[in-house]
Every structure is written in C-alpha cells, then in structure tokens.
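The next block is run-v9.tsv, given as TSV, C-alpha atoms.
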```tsv
chain	number	residue	atom	x	y	z
A	1	MET	CA	0.00	0.00	0.00
A	2	LYS	CA	1.27	3.46	-0.86
A	3	PRO	CA	1.88	5.88	2.02
A	4	LEU	CA	-1.29	7.69	3.01
A	5	THR	CA	-1.24	11.45	3.02
A	6	LEU	CA	-2.93	13.74	5.55
A	7	THR	CA	-5.28	16.53	4.63
A	8	ALA	CA	-4.52	20.02	5.77
A	9	VAL	CA	-7.87	20.17	7.51
A	10	ALA	CA	-8.18	19.54	11.23
A	11	LEU	CA	-11.20	17.54	12.35
A	12	CYS	CA	-12.37	20.28	14.67
A	13	ALA	CA	-12.44	23.01	12.01
A	14	GLY	CA	-12.45	21.34	8.60
A	15	ALA	CA	-13.89	22.68	5.38
A	16	LEU	CA	-14.04	19.70	3.03
A	17	GLY	CA	-16.97	18.99	0.75
A	18	ALA	CA	-18.61	15.68	0.02
A	19	TRP	CA	-16.31	12.81	-0.85
A	20	THR	CA	-16.56	11.23	-4.27
A	21	PRO	CA	-14.55	8.30	-5.68
A	22	SER	CA	-12.63	10.61	-8.00
A	23	ALA	CA	-11.65	12.91	-5.14
A	24	GLY	CA	-9.53	10.29	-3.39
A	25	ALA	CA	-9.64	9.61	0.31
A	26	ALA	CA	-6.96	11.49	2.20
A	27	LEU	CA	-7.04	10.76	5.89
A	28	PRO	CA	-8.13	13.30	8.49
A	29	GLU	CA	-5.43	15.32	10.15
A	30	PRO	CA	-4.98	14.06	13.72
A	31	VAL	CA	-5.86	15.99	16.81
A	32	ARG	CA	-2.60	15.23	18.61
A	33	ALA	CA	-2.61	12.97	21.65
A	34	THR	CA	0.11	12.95	24.29
A	35	ASN	CA	0.32	9.16	24.74
A	36	ALA	CA	-0.46	7.99	21.21
A	37	ALA	CA	2.72	5.94	20.83
A	38	ALA	CA	1.44	3.13	23.07
A	39	ASP	CA	-2.17	3.25	21.90
A	40	THR	CA	-4.05	0.62	19.95
A	41	PHE	CA	-7.75	0.78	19.14
A	42	ASP	CA	-8.59	-2.01	21.57
A	43	SER	CA	-6.57	-0.49	24.42
A	44	VAL	CA	-8.04	2.99	23.95
A	45	LEU	CA	-11.57	1.63	23.60
A	46	ALA	CA	-11.21	-0.35	26.83
A	47	GLU	CA	-10.01	2.79	28.63
A	48	TYR	CA	-12.82	4.83	27.12
A	49	ASP	CA	-15.54	2.35	28.10
A	50	LYS	CA	-14.19	2.31	31.66
A	51	ALA	CA	-14.08	6.11	31.76
A	52	VAL	CA	-17.67	6.33	30.49
A	53	ALA	CA	-18.85	3.92	33.20
A	54	THR	CA	-16.99	5.91	35.87
A	55	HIS	CA	-18.43	9.17	34.56
A	56	ALA	CA	-21.96	7.75	34.55
A	57	LYS	CA	-21.60	6.62	38.16
A	58	ALA	CA	-20.26	10.05	39.17
A	59	MET	CA	-23.27	11.67	37.48
A	60	GLU	CA	-25.64	9.50	39.50
A	61	GLU	CA	-24.00	10.40	42.80
A	62	ALA	CA	-23.29	14.10	42.15
A	63	ASP	CA	-25.35	17.09	43.22
A	64	ARG	CA	-26.88	19.42	40.64
A	65	GLU	CA	-23.90	21.79	40.45
A	66	THR	CA	-21.39	18.97	40.07
A	67	ARG	CA	-23.51	17.28	37.40
A	68	ARG	CA	-23.46	20.49	35.40
A	69	ALA	CA	-19.67	20.45	35.43
A	70	LEU	CA	-19.54	16.74	34.59
A	71	ARG	CA	-21.76	17.26	31.53
A	72	LYS	CA	-19.22	19.70	30.15
A	73	ASN	CA	-16.31	17.36	30.81
A	74	LYS	CA	-17.34	14.05	29.26
A	75	PRO	CA	-14.70	11.35	28.63
A	76	ILE	CA	-14.94	11.89	24.88
A	77	ASN	CA	-13.10	15.21	25.27
A	78	ASP	CA	-10.00	13.35	26.46
A	79	PHE	CA	-10.31	10.35	24.16
A	80	TRP	CA	-11.18	11.98	20.84
A	81	PRO	CA	-7.54	13.06	20.22
A	82	ARG	CA	-6.31	9.53	20.87
A	83	PHE	CA	-8.79	7.92	18.47
A	84	SER	CA	-8.03	10.72	16.01
A	85	GLU	CA	-4.30	9.94	16.14
A	86	LEU	CA	-5.00	6.28	15.37
A	87	ALA	CA	-7.41	7.24	12.58
A	88	SER	CA	-4.80	9.43	10.93
A	89	ALA	CA	-2.66	6.29	10.58
A	90	ASN	CA	-5.58	4.59	8.74
A	91	ASP	CA	-6.85	2.48	11.63
A	92	GLY	CA	-10.28	1.58	10.28
A	93	ARG	CA	-12.05	0.94	13.56
A	94	SER	CA	-10.83	4.28	14.90
A	95	LEU	CA	-12.19	6.02	11.81
A	96	LEU	CA	-15.50	4.27	12.37
A	97	TRP	CA	-15.53	5.25	16.06
A	98	LEU	CA	-14.99	8.91	15.17
A	99	ALA	CA	-17.87	8.81	12.67
A	100	GLN	CA	-20.18	7.14	15.18
A	101	ASN	CA	-19.37	9.58	18.01
A	102	VAL	CA	-18.85	12.93	16.27
A	103	ARG	CA	-22.13	14.32	17.60
A	104	GLN	CA	-20.93	13.92	21.17
A	105	TYR	CA	-17.68	15.82	20.62
A	106	ARG	CA	-18.58	19.43	21.37
A	107	ALA	CA	-15.38	20.84	19.87
A	108	ILE	CA	-16.93	20.07	16.48
A	109	LYS	CA	-19.96	22.31	16.13
A	110	SER	CA	-23.01	21.11	14.22
A	111	SER	CA	-22.14	23.44	11.33
A	112	GLN	CA	-18.71	21.74	11.05
A	113	ARG	CA	-19.81	18.10	11.17
A	114	LYS	CA	-20.28	17.61	7.44
A	115	ALA	CA	-16.74	18.83	6.79
A	116	ALA	CA	-15.38	16.71	9.64
A	117	LEU	CA	-17.14	13.57	8.40
A	118	ALA	CA	-15.97	13.91	4.78
A	119	PRO	CA	-12.38	12.62	5.20
A	120	ILE	CA	-13.48	10.00	7.73
A	121	ILE	CA	-16.17	8.43	5.57
A	122	GLY	CA	-14.01	8.82	2.48
A	123	ALA	CA	-11.14	6.89	4.06
A	124	LEU	CA	-13.50	4.18	5.34
A	125	VAL	CA	-14.93	3.61	1.86
A	126	GLU	CA	-11.63	3.85	0.05
A	127	HIS	CA	-9.50	1.68	2.32
A	128	HIS	CA	-11.73	-0.55	4.47
A	129	SER	CA	-14.53	-1.92	2.28
A	130	GLY	CA	-13.33	-5.48	2.91
A	131	ALA	CA	-13.39	-5.25	6.71
A	132	LYS	CA	-15.71	-7.56	8.64
A	133	TRP	CA	-17.28	-4.57	10.37
A	134	PHE	CA	-17.80	-2.50	7.19
A	135	GLU	CA	-21.56	-3.03	7.35
A	136	ASP	CA	-21.51	-0.55	10.24
A	137	VAL	CA	-20.45	2.18	7.80
A	138	PHE	CA	-23.92	2.00	6.28
A	139	GLY	CA	-25.30	2.64	9.76
A	140	VAL	CA	-23.10	5.75	9.94
A	141	LEU	CA	-24.54	7.03	6.66
A	142	GLN	CA	-28.06	6.50	7.94
A	143	LEU	CA	-27.19	8.21	11.23
A	144	HIS	CA	-25.74	11.29	9.51
A	145	ARG	CA	-27.98	11.53	6.43
A	146	SER	CA	-29.43	14.87	7.57
A	147	THR	CA	-25.98	16.32	8.25
A	148	LEU	CA	-24.49	15.09	5.00
A	149	GLY	CA	-27.52	15.83	2.84
A	150	LEU	CA	-29.25	13.30	0.61
A	151	GLU	CA	-27.06	13.96	-2.43
A	152	ALA	CA	-23.80	13.45	-0.57
A	153	THR	CA	-25.23	10.48	1.33
A	154	ARG	CA	-26.16	8.81	-1.94
A	155	GLY	CA	-22.66	9.46	-3.30
A	156	TYR	CA	-21.02	7.78	-0.31
A	157	LEU	CA	-23.55	4.95	-0.36
A	158	ASP	CA	-23.15	4.18	-4.05
A	159	ALA	CA	-19.36	4.29	-3.78
A	160	ALA	CA	-19.43	1.91	-0.81
A	161	ILE	CA	-21.82	-0.53	-2.49
A	162	ALA	CA	-19.61	-0.56	-5.57
A	163	LYS	CA	-16.50	-1.18	-3.47
A	164	VAL	CA	-17.63	-4.09	-1.30
A	165	GLU	CA	-17.26	-7.63	-2.60
A	166	SER	CA	-19.31	-9.47	0.02
A	167	PRO	CA	-22.83	-10.11	-1.35
A	168	ASN	CA	-24.28	-9.86	2.16
A	169	VAL	CA	-22.61	-6.52	2.89
A	170	LYS	CA	-23.65	-5.22	-0.53
A	171	ALA	CA	-27.23	-6.27	0.29
A	172	ALA	CA	-26.97	-4.37	3.58
A	173	GLY	CA	-25.98	-1.25	1.65
A	174	LEU	CA	-28.89	-1.60	-0.76
A	175	PHE	CA	-31.33	-2.04	2.13
A	176	THR	CA	-29.86	1.05	3.81
A	177	GLY	CA	-30.45	3.03	0.61
A	178	TYR	CA	-34.02	1.78	0.49
A	179	GLN	CA	-34.60	2.97	4.06
A	180	ILE	CA	-32.81	6.33	3.81
A	181	PHE	CA	-34.74	7.54	0.77
A	182	LEU	CA	-38.10	5.92	1.54
A	183	LYS	CA	-39.84	9.17	2.59
A	184	GLU	CA	-37.78	11.92	0.94
A	185	ASP	CA	-37.19	10.27	-2.45
A	186	PRO	CA	-39.46	7.26	-3.08
A	187	LYS	CA	-38.16	6.78	-6.63
A	188	THR	CA	-34.57	6.40	-5.44
A	189	SER	CA	-35.72	4.22	-2.56
A	190	LYS	CA	-37.51	1.92	-4.99
A	191	ALA	CA	-34.38	1.69	-7.16
A	192	TYR	CA	-32.37	0.42	-4.19
A	193	GLY	CA	-35.16	-1.96	-3.22
A	194	ASP	CA	-35.44	-3.35	-6.75
A	195	ALA	CA	-31.67	-3.85	-6.89
A	196	LEU	CA	-31.78	-5.68	-3.57
A	197	ALA	CA	-34.67	-7.90	-4.67
A	198	ALA	CA	-32.77	-8.81	-7.84
A	199	ALA	CA	-29.37	-9.37	-6.22
A	200	ALA	CA	-30.37	-11.02	-2.93
A	201	PRO	CA	-33.98	-12.22	-2.93
A	202	GLY	CA	-33.23	-14.60	-0.05
A	203	GLY	CA	-31.10	-14.21	3.02
A	204	TYR	CA	-31.43	-11.71	5.84
A	205	TRP	CA	-31.60	-8.42	3.91
A	206	GLY	CA	-33.72	-9.68	1.02
A	207	THR	CA	-36.20	-11.23	3.42
A	208	ARG	CA	-36.27	-8.13	5.58
A	209	TYR	CA	-36.95	-6.00	2.50
A	210	ARG	CA	-39.82	-8.23	1.40
A	211	SER	CA	-41.33	-8.07	4.88
A	212	THR	CA	-41.66	-4.28	4.55
A	213	LYS	CA	-43.64	-4.46	1.32
A	214	GLY	CA	-47.06	-5.08	2.81
A	215	ALA	CA	-49.08	-5.67	5.94
A	216	VAL	CA	-48.45	-8.95	7.75
A	217	SER	CA	-51.52	-11.17	8.07
A	218	LEU	CA	-51.55	-14.02	10.57
A	219	GLU	CA	-54.36	-16.56	10.22
A	220	VAL	CA	-54.78	-19.90	11.98
A	221	GLY	CA	-54.02	-22.72	9.59
A	222	LYS	CA	-52.41	-20.43	6.97
A	223	LEU	CA	-48.78	-20.21	5.93
A	224	ALA	CA	-46.90	-17.80	8.20
A	225	PRO	CA	-45.34	-14.80	6.40
A	226	ASP	CA	-41.58	-15.02	6.06
A	227	PHE	CA	-39.43	-12.68	8.12
A	228	ALA	CA	-35.76	-12.22	8.96
A	229	GLY	CA	-33.91	-11.53	12.18
A	230	ARG	CA	-30.75	-12.11	14.17
A	231	THR	CA	-30.08	-14.45	17.07
A	232	ILE	CA	-28.62	-13.14	20.33
A	233	ASP	CA	-25.16	-14.18	19.11
A	234	GLY	CA	-25.53	-12.22	15.86
A	235	LYS	CA	-26.38	-15.08	13.49
A	236	GLU	CA	-28.73	-14.08	10.67
A	237	LEU	CA	-31.82	-16.22	10.11
A	238	ALA	CA	-35.12	-16.27	8.24
A	239	LEU	CA	-38.28	-18.19	9.07
A	240	SER	CA	-38.09	-19.83	5.63
A	241	ASP	CA	-34.81	-21.46	6.69
A	242	TYR	CA	-36.88	-23.78	8.88
A	243	ARG	CA	-39.59	-24.67	6.37
A	244	GLY	CA	-40.77	-28.25	6.90
A	245	GLN	CA	-39.77	-28.21	10.56
A	246	VAL	CA	-41.78	-27.53	13.71
A	247	VAL	CA	-41.02	-23.97	14.84
A	248	LEU	CA	-42.12	-22.31	18.08
A	249	ILE	CA	-42.04	-18.49	17.95
A	250	ASP	CA	-42.28	-16.58	21.22
A	251	PHE	CA	-43.30	-12.91	20.89
A	252	PHE	CA	-42.58	-10.71	23.87
A	253	GLY	CA	-41.70	-7.14	24.68
A	254	PHE	CA	-41.19	-4.60	27.45
A	255	TRP	CA	-43.39	-1.55	27.76
```
Take the structure I supplied and represent it as structure tokens, if you would.
Amino acid sequence: MKPLTLTAVALCAGALGAWTPSAGAALPEPVRATNAAADTFDSVLAEYDKAVATHAKAMEEADRETRRALRKNKPINDFWPRFSELASANDGRSLLWLAQNVRQYRAIKSSQRKAALAPIIGALVEHHSGAKWFEDVFGVLQLHRSTLGLEATRGYLDAAIAKVESPNVKAAGLFTGYQIFLKEDPKTSKAYGDALAAAAPGGYWGTRYRSTKGAVSLEVGKLAPDFAGRTIDGKELALSDYRGQVVLIDFFGFW
C-alpha cells in the first residue's frame, strides 16, 4: 500500500466537501494525543468504556452543580484526540468510532460536522470496504444523512456498495439506501429496493426488504409470512430457513 497522506484540515475546524470516488480519500489530520505511541484501538476503547462507566456513576452520585460540570467534561473530550491519532494512521475501527461519536464531541460544532465527516467516511470507503465490520459504515450514513444531505449520502452509499465484494454486505448497503430515501425520495428508494430484490432475494436483507412491502396477516391454519432476524449471538436467520420443521415463535416485549 502506498503511504497515506494527511489533509490540511483539522477535524475540529475542517472545510471539506462531500467525498466522491474521484476525489480520493486522504485521511483526516490528527488531533494530537500525548500518549499515542502506546495506543491501539482495543486499548483505547477499553479505557474509554471504563471512563464512560466511571463518569456515569459520578453523574448519579453528584449534586446538581457537580452534574453540570460533569456534563461539560465528558470522557470523549480526552479520548477523541487519541482515536483521532489512530485514525490518521488509517486504523479503520478508529475512523468508524470517530464517525459514530462525532455528535458527542462538542469541539466540532453542528455546522462543522459535514466537513469533519468527509475525510473520515471517504477513508472508510476507500480503504476498508473489505473489513468484517464494514456493514456498520452503512449505519453511519443512515445516522448522519441529515448532516451530510441526501445527495452526498447517496454518493457515499453508491461508492461503498460498488467497493464491497461481500454479497451480504452489498445487500446491507442496498437495504440502507431503500430505508434512507423511503420518505424523501421514493423513486430512489424503490431503485435500491429493486436492486436488492434482484441481487439477494433470499437471506437476511432480502427477506427483511420483502417483509416491509405489505401488511403482515396471521391466520390460523395459513402459511406464516416469512421474516428475517438475528439471534442473540448475531447469526442471521429467516423463518423460511426452517420450512418443513416444527417452529415455536415466542413474541414478547417490554413496555
């Protein structure tokens, strides 16, 4: 792999536009961390999770005045520079973490988020489309669709779908497109849905798409409508996988 260059734009005050495949995917400039030399994504994430738990406990036990101060000093303020340093070296999971948590980092104002996200999402699409966790990038696009705007979101989405080789991940991207544009742009939503139905009529995403296309009717003695889901350990399944077998389905919820 060729050396990766840094943009001249800091994450906290960037001014980049939407990423497109032809624009390349320079990495975000790091917000420098003092102890970055010993950091790995797993080690920093473990520290961050512990700090978040400690902060939450302190919030529960604090008086009103102390809670006000704690809200202004969340752990993300200390950990963002460390994840940023790792991201600048093209650590994919750190890039993903930044994209997932940018709304919590107050140093990046809402008016700056689109510019901050551009190099992050661009690098994820350009360099990490084969990662096992890449499906989560589609979740990032759905999370930030209002910030990015529909046109830019579609550009990122189409580039990502074109990049991935896994049929299942590609199907996840098509389903995400179907969901994102369902209300604002039904024609585009339908195009993603049609592509999904043609490319992956079965499996988790194809089945989930079909289940959204009409009201579910349950009648005693009739064939149950197919649906898709995930087990508690993350395994994808569809009811049709068990056709011909006795299946007990337990519906429950908490209200």
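Proximity ranking of A:Asp233, A:Asp91, A:Asp194, A:Glu65 relative to Phe41 of chain A places A:Asp91 first, based on all atoms listed in the file.
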(Q) For Asp39 of chain A, find every residue with an atom within 12 Å (counting only C-alpha atoms), except residues of its own chain fewer than 3 positions away, and show them as a VMD selection string. (A) chain A and resid 33 to 36 42 to 48 79 81 to 87 89 91 94
Q. Can you tell me how far atom CA of Trp205 of chain A sits from atom CA of Leu96 of chain A, in Å to one decimal?
A.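 According to the coordinates, atom CA of Trp205 of chain A and atom CA of Leu96 of chain A are separated by 22.2 Å.
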Q: Find the residue from A:Ala116, A:Ala38, A:Leu196, A:Val220 that sits nearest to Pro167 of chain A; use all atoms listed in the file when measuring.
A: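 Smallest distance to Pro167 of chain A is found for A:Leu196.
Counting all atoms listed in the file and comparing A:Asp158, A:Asp185, A:Asp226, A:Asp63, the residue that lies closest to Val125 of chain A is A:Asp158.
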Q) Got a sec: who's within 9 Å of Ile121 of chain A, counting only C-alpha atoms, leaving out chain neighbours fewer than 3 positions off, as a ChimeraX atom specification? A) /A:19,25,95-96,99,117-118,124-126,137,140-141,156
Q | Who sits within 9 Å of Tyr105 of chain A, all atoms listed in the file, same chain under 2 positions skipped, as number ranges by chain | A | A: 74, 76-77, 80, 101-103, 107-109
Q: Pick out the closest residue to Asp136 of chain A from this set: A:Gln179, A:Thr153, A:Ser166, A:Gln100. Count only C-alpha atoms.
A: A:Gln100
Q.
At a cut-off of 9 Å, using only C-alpha atoms, what residues contact segment 236-240 of chain A? Leave out same-chain residues fewer than 4 positions from it and give the result as a list in words.
A.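 Neighbouring residues, sequence-local ones excluded: Gly202, Gly203, Tyr204, Thr207, Arg208, Ala224, Pro225, Asp226, Phe227, Ala228, Gly229, Arg230, Thr231, Gly244 and Val247 of chain A.
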Residues of segment 150-231 of chain A at most 9 Å from segment 129-132 of chain A: nearest atom pair and distance in Å, only C-alpha atoms, as a Markdown table:
```
| residue | atom | partner | partner_atom | distance |
| --- | --- | --- | --- | --- |
| A:Ala160 | CA | A:Ser129 | CA | 6.9 |
| A:Ile161 | CA | A:Ser129 | CA | 8.8 |
| A:Lys163 | CA | A:Ser129 | CA | 6.1 |
| A:Val164 | CA | A:Ser129 | CA | 5.2 |
| A:Glu165 | CA | A:Gly130 | CA | 7.1 |
| A:Ser166 | CA | A:Gly130 | CA | 7.7 |
```
What would the file look like if the residues just selected were written as a short mmCIF file (atom, residue, chain, number, x, y, z; two decimals), in the coordinates of the input with C-alpha atoms?
```
data_model
loop_
_atom_site.label_atom_id
_atom_site.label_comp_id
_atom_site.auth_asym_id
_atom_site.auth_seq_id
_atom_site.Cartn_x
_atom_site.Cartn_y
_atom_site.Cartn_z
CA ALA A 160 -19.43 1.91 -0.81
CA ILE A 161 -21.82 -0.53 -2.49
CA LYS A 163 -16.50 -1.18 -3.47
CA VAL A 164 -17.63 -4.09 -1.30
CA GLU A 165 -17.26 -7.63 -2.60
CA SER A 166 -19.31 -9.47 0.02
#
```
Q | Best match for closeness to Gly149 of chain A among A:Ala115, A:Ala51, A:Ala62, A:Ala123, counting all atoms listed in the file | A | A:Ala115
Q: Enter the distance from atom CA of Lys114 of chain A to atom CA of Leu148 of chain A, in Å, rounded to one decimal.
A: 5.5 Å
